[in-house]
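Novice: Structure file target.cif (mmCIF, C-alpha atoms and all ligand atoms) right here:
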data_protein
loop_
_atom_site.label_atom_id
_atom_site.label_comp_id
_atom_site.auth_asym_id
_atom_site.auth_seq_id
_atom_site.Cartn_x
_atom_site.Cartn_y
_atom_site.Cartn_z
CA MET A 25 44.03 31.05 11.61
CA GLN A 26 44.91 28.62 8.82
CA LEU A 27 42.66 28.33 5.79
CA GLY A 28 41.96 25.02 4.09
CA VAL A 29 40.17 25.48 0.80
CA ASN A 30 37.80 22.68 -0.09
CA ILE A 31 38.03 22.36 -3.87
CA ASP A 32 35.43 19.58 -4.25
CA HIS A 33 32.91 22.10 -5.46
CA ILE A 34 34.93 22.57 -8.66
CA ALA A 35 34.43 18.87 -9.35
CA VAL A 36 30.72 19.27 -8.53
CA LEU A 37 30.44 21.74 -11.42
CA ARG A 38 32.40 19.47 -13.75
CA GLU A 39 30.28 16.44 -12.87
CA ALA A 40 27.08 18.39 -13.58
CA ARG A 41 28.12 18.03 -17.23
CA LYS A 42 30.17 14.82 -16.93
CA ILE A 43 33.03 16.37 -18.89
CA ASN A 44 36.62 17.30 -17.97
CA ASP A 45 36.18 21.00 -17.28
CA PRO A 46 36.70 22.70 -14.81
CA ASP A 47 39.60 20.67 -13.48
CA PRO A 48 40.06 20.91 -9.66
CA LEU A 49 43.80 20.49 -10.19
CA ASP A 50 43.89 23.97 -11.76
CA ALA A 51 42.85 25.37 -8.38
CA VAL A 52 45.82 24.17 -6.37
CA GLY A 53 48.31 26.81 -7.58
CA ILE A 54 45.69 29.53 -7.18
CA VAL A 55 44.93 28.50 -3.59
CA LYS A 56 48.60 28.82 -2.71
CA ARG A 57 49.02 32.15 -4.50
CA ALA A 58 45.97 33.55 -2.71
CA GLY A 59 47.29 32.65 0.73
CA GLY A 60 45.48 29.36 1.41
CA ASP A 61 47.33 27.00 3.73
CA GLN A 62 45.85 23.67 2.79
CA ILE A 63 43.86 21.91 0.08
CA THR A 64 40.92 19.84 1.29
CA ILE A 65 39.34 17.18 -0.91
CA HIS A 66 36.63 14.64 -0.18
CA LEU A 67 36.97 11.34 -2.02
CA ARG A 68 33.46 9.97 -1.63
CA GLU A 69 32.73 6.28 -1.83
CA ASP A 70 30.47 6.90 -4.83
CA ARG A 71 33.09 9.26 -6.44
CA ARG A 72 30.34 11.67 -7.34
CA HIS A 73 32.63 14.73 -7.22
CA ILE A 74 36.40 14.23 -6.86
CA ASN A 75 37.55 10.91 -8.35
CA ASP A 76 40.63 8.76 -7.84
CA ASP A 77 42.44 10.35 -10.77
CA ASP A 78 41.79 13.86 -9.39
CA ALA A 79 43.05 12.81 -5.97
CA ARG A 80 46.21 11.27 -7.45
CA ARG A 81 46.98 14.29 -9.66
CA ILE A 82 46.31 16.74 -6.84
CA MET A 83 48.57 14.76 -4.50
CA GLU A 84 51.34 14.67 -7.12
CA ASN A 85 51.20 18.34 -8.02
CA ALA A 86 50.10 20.30 -4.98
CA THR A 87 52.73 22.18 -3.03
CA LEU A 88 50.35 22.69 -0.10
CA PRO A 89 49.44 19.99 2.45
CA ILE A 90 46.48 17.86 1.42
CA ASN A 91 43.71 17.08 3.88
CA LEU A 92 41.84 14.08 2.48
CA GLU A 93 38.30 13.59 3.77
CA CYS A 94 36.88 10.11 3.48
CA ALA A 95 34.41 7.69 5.03
CA CYS A 96 35.30 5.23 7.79
CA ASP A 97 35.70 2.41 5.35
CA GLU A 98 38.46 -0.17 4.94
CA ALA A 99 38.73 0.25 1.13
CA MET A 100 38.84 4.05 1.42
CA ILE A 101 41.60 3.90 4.02
CA GLU A 102 43.62 1.60 1.80
CA ILE A 103 43.38 4.21 -0.97
CA ALA A 104 44.15 7.01 1.48
CA CYS A 105 47.31 5.26 2.67
CA LYS A 106 48.45 4.84 -0.95
CA LEU A 107 47.77 8.51 -1.70
CA ASN A 108 49.68 9.43 1.46
CA PRO A 109 48.20 12.86 2.28
CA TYR A 110 49.39 14.83 5.26
CA ARG A 111 46.07 14.31 7.02
CA VAL A 112 42.98 12.13 6.71
CA THR A 113 39.71 13.53 8.06
CA LEU A 114 37.10 10.87 8.76
CA VAL A 115 33.59 12.00 7.91
CA PRO A 116 30.21 10.27 7.98
CA GLU A 117 28.85 9.55 4.52
CA LYS A 118 25.36 8.84 3.33
CA ARG A 119 24.77 8.34 -0.37
CA GLU A 120 21.51 10.27 -0.43
CA GLU A 121 22.90 13.41 1.26
CA VAL A 122 23.77 16.54 -0.75
CA THR A 123 26.68 17.35 1.55
CA THR A 124 28.09 16.02 4.84
CA GLU A 125 25.23 16.24 7.32
CA GLY A 126 26.17 15.99 10.98
CA GLY A 127 29.43 14.82 12.48
CA LEU A 128 30.84 11.33 12.71
CA ASP A 129 29.52 9.45 15.74
CA LEU A 130 32.69 8.18 17.41
CA ILE A 131 30.74 6.23 20.00
CA LYS A 132 28.91 4.19 17.37
CA ASN A 133 32.01 3.86 15.17
CA PHE A 134 34.60 3.41 17.91
CA GLN A 135 35.90 0.03 16.76
CA LYS A 136 36.18 1.02 13.10
CA VAL A 137 37.91 4.32 13.88
CA ASP A 138 40.24 2.60 16.33
CA THR A 139 41.47 0.24 13.60
CA ILE A 140 41.80 3.09 11.10
CA ALA A 141 43.66 5.25 13.63
CA LYS A 142 46.30 2.52 13.97
CA GLN A 143 46.62 2.11 10.19
CA LEU A 144 47.08 5.86 9.72
CA LYS A 145 49.57 6.05 12.54
CA ASP A 146 51.65 3.29 10.92
CA ALA A 147 51.49 5.23 7.65
CA HIS A 148 52.54 8.48 9.43
CA ILE A 149 49.34 10.23 8.36
CA GLU A 150 47.63 12.58 10.81
CA LEU A 151 44.09 11.68 11.82
CA SER A 152 41.28 14.18 12.13
CA VAL A 153 37.67 13.38 12.98
CA PHE A 154 34.79 15.54 11.83
CA ILE A 155 32.47 15.67 14.85
CA ASP A 156 29.60 17.61 16.31
CA PRO A 157 30.55 20.01 19.12
CA ASN A 158 29.80 17.59 21.95
CA ALA A 159 31.78 16.64 25.06
CA TYR A 160 31.40 12.86 24.59
CA GLN A 161 32.64 12.99 21.02
CA ILE A 162 35.68 14.99 22.09
CA LYS A 163 36.55 12.48 24.82
CA MET A 164 36.24 9.69 22.27
CA ALA A 165 38.49 11.56 19.81
CA LYS A 166 41.10 11.77 22.53
CA SER A 167 40.89 8.10 23.43
CA LEU A 168 41.15 7.21 19.74
CA GLN A 169 44.38 9.22 19.66
CA ALA A 170 43.22 11.53 16.90
CA ASN A 171 45.61 14.41 16.21
CA TRP A 172 42.81 16.76 15.24
CA ILE A 173 39.13 17.27 15.61
CA GLU A 174 37.19 19.26 13.05
CA LEU A 175 34.10 20.77 14.64
CA HIS A 176 30.98 20.68 12.48
CA THR A 177 29.76 24.27 12.19
CA GLY A 178 26.67 23.34 10.15
CA SER A 179 24.08 23.91 12.89
CA TYR A 180 25.57 27.30 13.73
CA ALA A 181 25.63 28.24 10.03
CA ASN A 182 22.01 27.16 9.52
CA ILE A 183 20.75 29.22 12.44
CA TYR A 184 22.82 32.18 11.27
CA ALA A 185 21.28 31.89 7.81
CA MET A 186 17.77 31.76 9.27
CA LEU A 187 18.42 34.95 11.21
CA PHE A 188 20.37 37.00 8.75
CA SER A 189 19.81 35.70 5.21
CA ASN A 190 16.84 35.57 2.95
CA LEU A 191 14.78 32.77 4.55
CA ALA A 192 13.26 31.79 1.24
CA LYS A 193 16.69 30.79 0.02
CA THR A 194 17.47 28.43 2.89
CA LYS A 195 16.17 24.90 3.27
CA HIS A 196 15.70 24.31 6.97
CA SER A 197 13.12 22.54 9.01
CA ILE A 198 9.74 24.23 9.06
CA ASP A 199 9.75 24.01 12.86
CA GLU A 200 12.83 26.19 13.06
CA LEU A 201 11.59 28.64 10.47
CA GLU A 202 8.55 29.21 12.62
CA LEU A 203 10.59 30.08 15.69
CA PRO A 204 10.39 33.73 16.78
CA ARG A 205 13.56 35.71 16.13
CA ASP A 206 14.33 35.92 19.87
CA ALA A 207 14.38 32.15 20.08
CA LEU A 208 16.66 31.99 17.03
CA HIS A 209 19.05 34.45 18.68
CA ILE A 210 19.19 32.20 21.74
CA LYS A 211 19.77 29.18 19.53
CA LEU A 212 22.60 31.00 17.77
CA LYS A 213 24.18 31.96 21.08
CA ASN A 214 23.91 28.34 22.27
CA ALA A 215 25.41 26.98 19.06
CA LEU A 216 28.38 29.33 19.41
CA GLU A 217 28.72 28.46 23.08
CA GLU A 218 28.85 24.74 22.20
CA LEU A 219 31.55 25.37 19.61
CA ASP A 220 33.52 27.51 22.05
CA GLN A 221 33.28 24.99 24.92
CA SER A 222 34.13 22.09 22.63
CA ALA A 223 37.15 23.87 21.18
CA LYS A 224 38.40 24.71 24.68
CA SER A 225 37.96 21.22 26.07
CA ALA A 226 39.58 19.60 22.98
CA CYS A 227 42.49 21.98 23.23
CA SER A 228 42.94 21.23 26.93
CA LEU A 229 43.16 17.52 26.03
CA GLY A 230 45.97 18.29 23.57
CA LEU A 231 43.87 17.94 20.41
CA LYS A 232 44.33 20.39 17.55
CA VAL A 233 41.06 22.04 16.58
CA ALA A 234 39.75 22.81 13.10
CA ALA A 235 36.19 23.73 12.11
CA GLY A 236 34.11 23.82 8.97
CA HIS A 237 30.89 23.41 7.07
CA GLY A 238 28.58 26.16 5.94
CA LEU A 239 31.05 28.94 6.79
CA ASN A 240 30.84 32.04 4.64
CA TYR A 241 31.93 35.67 4.44
CA GLN A 242 29.27 36.75 6.94
CA ASN A 243 29.23 34.03 9.58
CA VAL A 244 32.95 33.26 9.78
CA THR A 245 33.89 36.13 12.09
CA ASN A 246 32.20 34.64 15.16
CA ILE A 247 34.11 31.41 14.63
CA CYS A 248 37.42 33.27 14.26
CA ALA A 249 36.83 34.71 17.73
CA ILE A 250 37.26 31.22 19.23
CA LYS A 251 41.02 31.22 19.84
CA GLU A 252 41.38 27.45 20.17
CA ILE A 253 40.19 26.92 16.60
CA THR A 254 43.31 27.22 14.48
CA GLU A 255 42.06 26.11 11.08
CA LEU A 256 38.93 26.48 8.97
CA ASN A 257 38.02 24.34 5.97
CA ILE A 258 35.79 26.28 3.62
CA GLY A 259 34.47 25.34 0.19
CA GLN A 260 31.00 26.31 -0.98
CA SER A 261 31.07 30.02 -0.18
CA ILE A 262 34.52 30.55 -1.69
CA ILE A 263 33.74 28.70 -4.92
CA ALA A 264 30.36 30.48 -5.14
CA ARG A 265 32.03 33.90 -4.86
CA SER A 266 34.73 32.87 -7.35
CA ILE A 267 32.10 32.74 -10.12
CA PHE A 268 31.81 36.50 -9.86
CA CYS A 269 35.31 37.65 -8.93
CA GLY A 270 37.65 34.75 -9.65
CA LEU A 271 39.04 32.11 -7.31
CA GLU A 272 42.14 34.02 -6.27
CA GLN A 273 40.15 37.09 -5.18
CA ALA A 274 37.51 34.96 -3.43
CA ILE A 275 40.21 33.22 -1.36
CA LYS A 276 41.95 36.52 -0.59
CA ASP A 277 38.64 38.01 0.57
CA MET A 278 38.17 35.08 2.96
CA ARG A 279 41.80 35.22 4.06
CA ASP A 280 41.34 38.87 4.99
CA LEU A 281 38.53 37.92 7.38
CA LEU A 282 40.54 35.28 9.22
CA VAL A 283 42.44 37.47 11.60
N1 LIG A 301 34.81 20.23 6.38
C1 LIG A 301 34.24 19.04 6.11
C2 LIG A 301 34.65 17.86 6.92
C3 LIG A 301 33.31 18.90 5.06
O1 LIG A 301 32.76 17.70 4.80
C4 LIG A 301 32.99 20.03 4.29
C5 LIG A 301 32.01 19.91 3.17
O2 LIG A 301 32.54 19.20 2.12
C6 LIG A 301 33.62 21.25 4.60
C7 LIG A 301 34.51 21.33 5.66
C8 LIG A 301 33.38 22.50 3.81
O3 LIG A 301 32.05 22.88 3.90
P1 LIG A 301 31.48 24.01 2.96
O4 LIG A 301 31.60 23.52 1.56
O5 LIG A 301 30.06 24.16 3.41
O6 LIG A 301 32.32 25.22 3.18
#
Can the structure in the file be given as structure tokens, please?

Specialist:
Amino acid sequence: MQLGVNIDHIAVLREARKINDPDPLDAVGIVKRAGGDQITIHLREDRRHINDDDARRIMENATLPINLECACDEAMIEIACKLNPYRVTLVPEKREEVTTEGGLDLIKNFQKVDTIAKQLKDAHIELSVFIDPNAYQIKMAKSLQANWIELHTGSYANIYAMLFSNLAKTKHSIDELELPRDALHIKLKNALEELDQSAKSACSLGLKVAAGHGLNYQNVTNICAIKEITELNIGQSIIARSIFCGLEQAIKDMRDLLV
């Protein structure tokens, strides 16, 4: 299992103060030393976390492959092609969201993604699409000639949190909070089943399968059991733990779980 460390959250902390500290670039050497396989960054259209200068400096200095997440937008793809990362992951973006909510709808965005797929192919950049675990989306990813899919694990992670974390700390729909625990267990089983089936069908179509969003030190083990998933992109939980034990240790702790 490969580990991509999403270092956006370092820029989130910096932007809370609008100063130049902490610098996400300082993380790239640490990620490598700790056994991370890839750096993931999300250059948002509104640049609210990582900015163009961060992306350029990270690209110039990182000795690990860079997975650049960005919206399905012509201007963003132009920037992505100039930055020339190893992979571009297309994600849906809404300005008002706190983080990426839901996967990219490849049916709705087919035309746009088709054009982008050709541009990235010409630029020799791998294409990944961040999608919900759903058979239609996987078929679309295949017909768009994506190299990768990244399965959105957010629903699974939310249900897991409702079952096993302090409910008061999670912000989920009231309807779901009111579900009896048995129903939540069934929902969790179904969410895992969807991820498992999706990973298997993507793999059988020749797509490489990554997963991410909301994964942490507790819920990651179930995802590691899905053999077809060969890469996880994890940010929030690693950066949160790093406050208490340092980034290198936080990454090593996660690495140790990805067997
Ligand atoms: N993968 C994608 C495509 C994402 O958008 C994000 C969130 O930025 C992640 C993985 C990492 O999610 P988290 O920060 O919840 O670990």

Novice: Applying 7 Å and all atoms listed in the file, which residues near stretch 138-152 of chain A remain after dropping the ones on its own chain fewer than 3 positions away? List them as a compact mmCIF listing (two decimals) with C-alpha atoms, keeping the file's coordinate frame.

Specialist:
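around_32.txt written:
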# COMPACT_ATOMS: atom_id res chain seq x y z
CA CYS A 105 47.31 5.26 2.67
CA ASN A 108 49.68 9.43 1.46
CA PRO A 109 48.20 12.86 2.28
CA TYR A 110 49.39 14.83 5.26
CA ARG A 111 46.07 14.31 7.02
CA VAL A 112 42.98 12.13 6.71
CA THR A 113 39.71 13.53 8.06
CA LEU A 114 37.10 10.87 8.76
CA PHE A 134 34.60 3.41 17.91
CA GLN A 135 35.90 0.03 16.76
CA LEU A 168 41.15 7.21 19.74
CA ALA A 170 43.22 11.53 16.90
CA ASN A 171 45.61 14.41 16.21
CA TRP A 172 42.81 16.76 15.24
CA ILE A 173 39.13 17.27 15.61
CA GLU A 174 37.19 19.26 13.05

Novice: Around ligand LIG 301 (chain A), which protein and nucleic acid residues have at least one atom no more than 9 Å from it, if we count all atoms listed in the file? List them as a PDB file with C-alpha atoms, in the coordinates of the input.

Specialist:
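part36.pdb, written as the output of this step:
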ATOM      1  CA  GLY A  28      41.960  25.020   4.090  1.00  0.00           C
ATOM      2  CA  VAL A  29      40.170  25.480   0.800  1.00  0.00           C
ATOM      3  CA  ASN A  30      37.800  22.680  -0.090  1.00  0.00           C
ATOM      4  CA  ILE A  31      38.030  22.360  -3.870  1.00  0.00           C
ATOM      5  CA  ASP A  32      35.430  19.580  -4.250  1.00  0.00           C
ATOM      6  CA  HIS A  33      32.910  22.100  -5.460  1.00  0.00           C
ATOM      7  CA  THR A  64      40.920  19.840   1.290  1.00  0.00           C
ATOM      8  CA  ILE A  65      39.340  17.180  -0.910  1.00  0.00           C
ATOM      9  CA  HIS A  66      36.630  14.640  -0.180  1.00  0.00           C
ATOM     10  CA  GLU A  93      38.300  13.590   3.770  1.00  0.00           C
ATOM     11  CA  CYS A  94      36.880  10.110   3.480  1.00  0.00           C
ATOM     12  CA  THR A 113      39.710  13.530   8.060  1.00  0.00           C
ATOM     13  CA  LEU A 114      37.100  10.870   8.760  1.00  0.00           C
ATOM     14  CA  VAL A 115      33.590  12.000   7.910  1.00  0.00           C
ATOM     15  CA  PRO A 116      30.210  10.270   7.980  1.00  0.00           C
ATOM     16  CA  THR A 123      26.680  17.350   1.550  1.00  0.00           C
ATOM     17  CA  THR A 124      28.090  16.020   4.840  1.00  0.00           C
ATOM     18  CA  GLU A 125      25.230  16.240   7.320  1.00  0.00           C
ATOM     19  CA  GLY A 127      29.430  14.820  12.480  1.00  0.00           C
ATOM     20  CA  VAL A 153      37.670  13.380  12.980  1.00  0.00           C
ATOM     21  CA  PHE A 154      34.790  15.540  11.830  1.00  0.00           C
ATOM     22  CA  ILE A 155      32.470  15.670  14.850  1.00  0.00           C
ATOM     23  CA  GLU A 174      37.190  19.260  13.050  1.00  0.00           C
ATOM     24  CA  LEU A 175      34.100  20.770  14.640  1.00  0.00           C
ATOM     25  CA  HIS A 176      30.980  20.680  12.480  1.00  0.00           C
ATOM     26  CA  THR A 177      29.760  24.270  12.190  1.00  0.00           C
ATOM     27  CA  GLY A 178      26.670  23.340  10.150  1.00  0.00           C
ATOM     28  CA  ALA A 181      25.630  28.240  10.030  1.00  0.00           C
ATOM     29  CA  ALA A 234      39.750  22.810  13.100  1.00  0.00           C
ATOM     30  CA  ALA A 235      36.190  23.730  12.110  1.00  0.00           C
ATOM     31  CA  GLY A 236      34.110  23.820   8.970  1.00  0.00           C
ATOM     32  CA  HIS A 237      30.890  23.410   7.070  1.00  0.00           C
ATOM     33  CA  GLY A 238      28.580  26.160   5.940  1.00  0.00           C
ATOM     34  CA  LEU A 239      31.050  28.940   6.790  1.00  0.00           C
ATOM     35  CA  ASN A 240      30.840  32.040   4.640  1.00  0.00           C
ATOM     36  CA  LEU A 256      38.930  26.480   8.970  1.00  0.00           C
ATOM     37  CA  ASN A 257      38.020  24.340   5.970  1.00  0.00           C
ATOM     38  CA  ILE A 258      35.790  26.280   3.620  1.00  0.00           C
ATOM     39  CA  GLY A 259      34.470  25.340   0.190  1.00  0.00           C
ATOM     40  CA  GLN A 260      31.000  26.310  -0.980  1.00  0.00           C
ATOM     41  CA  SER A 261      31.070  30.020  -0.180  1.00  0.00           C
ATOM     42  CA  ILE A 262      34.520  30.550  -1.690  1.00  0.00           C
ATOM     43  CA  ILE A 263      33.740  28.700  -4.920  1.00  0.00           C
TER      44      ILE A 263
END

Novice: To one decimal in Å, tell me the separation between atom CA of A:Pro48 and atom CA of A:Val233.

Specialist: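 About the pair atom CA of A:Pro48 and atom CA of A:Val233: they are 26.3 Å apart.
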
Novice: Quick one: of A:Lys166, A:Lys56, A:Lys232, A:His73, who's nearest to A:Leu27, counting only C-alpha atoms?

Specialist: A:Lys56

Novice: Please determine, counting only C-alpha atoms, which residue among A:Asn243, A:Ser225, A:Gln273, A:Asn75 has the shortest atom-to-atom distance to A:Ile54.

Specialist: A:Gln273

Novice: Kindly indicate which residue among A:Gln221, A:Arg80, A:Lys163, A:Tyr241 lies nearest to A:Ala274, using all atoms listed in the file for the distances.

Specialist: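 Closest residue, counting all atoms listed in the file: A:Tyr241.
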
Novice: Rank A:Thr87, A:Ser189, A:Ser228, A:Ser179 by their smallest atom-to-atom distance to A:Lys213, using only C-alpha atoms, and report the top residue only.

Specialist: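 Between A:Thr87, A:Ser189, A:Ser228, A:Ser179, the residue approaching A:Lys213 most closely is A:Ser179.
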
Novice: Box for stretch 41-48 of chain A: with edges along x, y and z, all listed atoms inside and 6 Å added on each side, what are the centre and edge lengths in Å to one decimal, as JSON?

Specialist:
{"center_x": 34.1, "center_y": 18.8, "center_z": -14.3, "size_x": 23.9, "size_y": 19.9, "size_z": 21.2}

Novice: One decimal, in Å: what's the spacing between atom CA of A:Leu203 and atom CA of A:Ile247?

Specialist: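 Taking atom CA of A:Leu203 as the start and atom CA of A:Ile247 as the end point, the length is 23.6 Å.
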
Novice: What's the 12 Å shell around A:Arg71, counting all atoms listed in the file, without same-chain residues fewer than 5 positions away, as an NGL selection string?

Specialist: :A and (32 or 35-36 or 39 or 65-66 or 76-79 or 94-95 or 100 or 117 or 119)

Novice: Let me see the file: selected residues, C-alpha atoms, as a short mmCIF file (atom, residue, chain, number, x, y, z; two decimals), in the frame of the given file.

Specialist:
data_model
loop_
_atom_site.label_atom_id
_atom_site.label_comp_id
_atom_site.auth_asym_id
_atom_site.auth_seq_id
_atom_site.Cartn_x
_atom_site.Cartn_y
_atom_site.Cartn_z
CA ASP A 32 35.43 19.58 -4.25
CA ALA A 35 34.43 18.87 -9.35
CA VAL A 36 30.72 19.27 -8.53
CA GLU A 39 30.28 16.44 -12.87
CA ILE A 65 39.34 17.18 -0.91
CA HIS A 66 36.63 14.64 -0.18
CA ASP A 76 40.63 8.76 -7.84
CA ASP A 77 42.44 10.35 -10.77
CA ASP A 78 41.79 13.86 -9.39
CA ALA A 79 43.05 12.81 -5.97
CA CYS A 94 36.88 10.11 3.48
CA ALA A 95 34.41 7.69 5.03
CA MET A 100 38.84 4.05 1.42
CA GLU A 117 28.85 9.55 4.52
CA ARG A 119 24.77 8.34 -0.37
#

Novice: What separation in Å, quoted to one decimal, exists between atom CA of A:Leu271 and atom CA of A:Pro46?

Specialist: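 Straight-line distance from atom CA of A:Leu271 to atom CA of A:Pro46 works out to 12.3 Å.
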
Novice: If we count all atoms listed in the file, what is near A:Ile250 at a cut-off of 9 Å, once residues fewer than 5 positions away on the same chain are taken out, given as a ChimeraX atom specification?

Specialist: /A:219-220,223-224

Novice: Taking into account all atoms listed in the file, which residue in the set A:Asn246, A:Ser266, A:Asn158, A:Ser167 is nearest to A:Tyr180?

Specialist: A:Asn246

Novice: Residues at most 12 Å from A:Asp280, counting all atoms listed in the file, excluding those fewer than 4 positions away in the same chain, as a list in words?

Specialist: Met25, Gln26, Leu27, Ala58, Gly59, Gly60, Tyr241, Val244, Thr245, Cys248, Gln273, Ala274, Ile275 and Lys276 of chain A

Novice: Output stretch 146-168 of chain A from the block with C-alpha atoms, as an mmCIF file, in the first residue's frame?

Specialist:
data_model
loop_
_atom_site.group_PDB
_atom_site.id
_atom_site.type_symbol
_atom_site.label_atom_id
_atom_site.label_comp_id
_atom_site.auth_asym_id
_atom_site.auth_seq_id
_atom_site.Cartn_x
_atom_site.Cartn_y
_atom_site.Cartn_z
ATOM 1 C CA ASP A 146 -0.372 15.116 -24.503
ATOM 2 C CA ALA A 147 1.551 16.497 -21.524
ATOM 3 C CA HIS A 148 2.419 12.942 -20.325
ATOM 4 C CA ILE A 149 0.690 13.525 -16.990
ATOM 5 C CA GLU A 150 -1.314 10.685 -15.449
ATOM 6 C CA LEU A 151 -5.004 11.344 -14.883
ATOM 7 C CA SER A 152 -6.878 10.327 -11.766
ATOM 8 C CA VAL A 153 -10.526 11.066 -11.016
ATOM 9 C CA PHE A 154 -11.846 11.384 -7.481
ATOM 10 C CA ILE A 155 -15.206 9.583 -7.598
ATOM 11 C CA ASP A 156 -17.817 8.037 -5.374
ATOM 12 C CA PRO A 157 -17.746 4.230 -5.227
ATOM 13 C CA ASN A 158 -20.338 3.692 -7.944
ATOM 14 C CA ALA A 159 -20.400 1.386 -10.973
ATOM 15 C CA TYR A 160 -21.462 4.091 -13.467
ATOM 16 C CA GLN A 161 -18.686 6.423 -12.405
ATOM 17 C CA ILE A 162 -16.127 3.649 -12.805
ATOM 18 C CA LYS A 163 -17.336 2.840 -16.321
ATOM 19 C CA MET A 164 -17.096 6.526 -17.187
ATOM 20 C CA ALA A 165 -13.560 6.727 -15.771
ATOM 21 C CA LYS A 166 -12.605 3.860 -18.043
ATOM 22 C CA SER A 167 -14.144 5.411 -21.134
ATOM 23 C CA LEU A 168 -12.400 8.696 -20.324
#
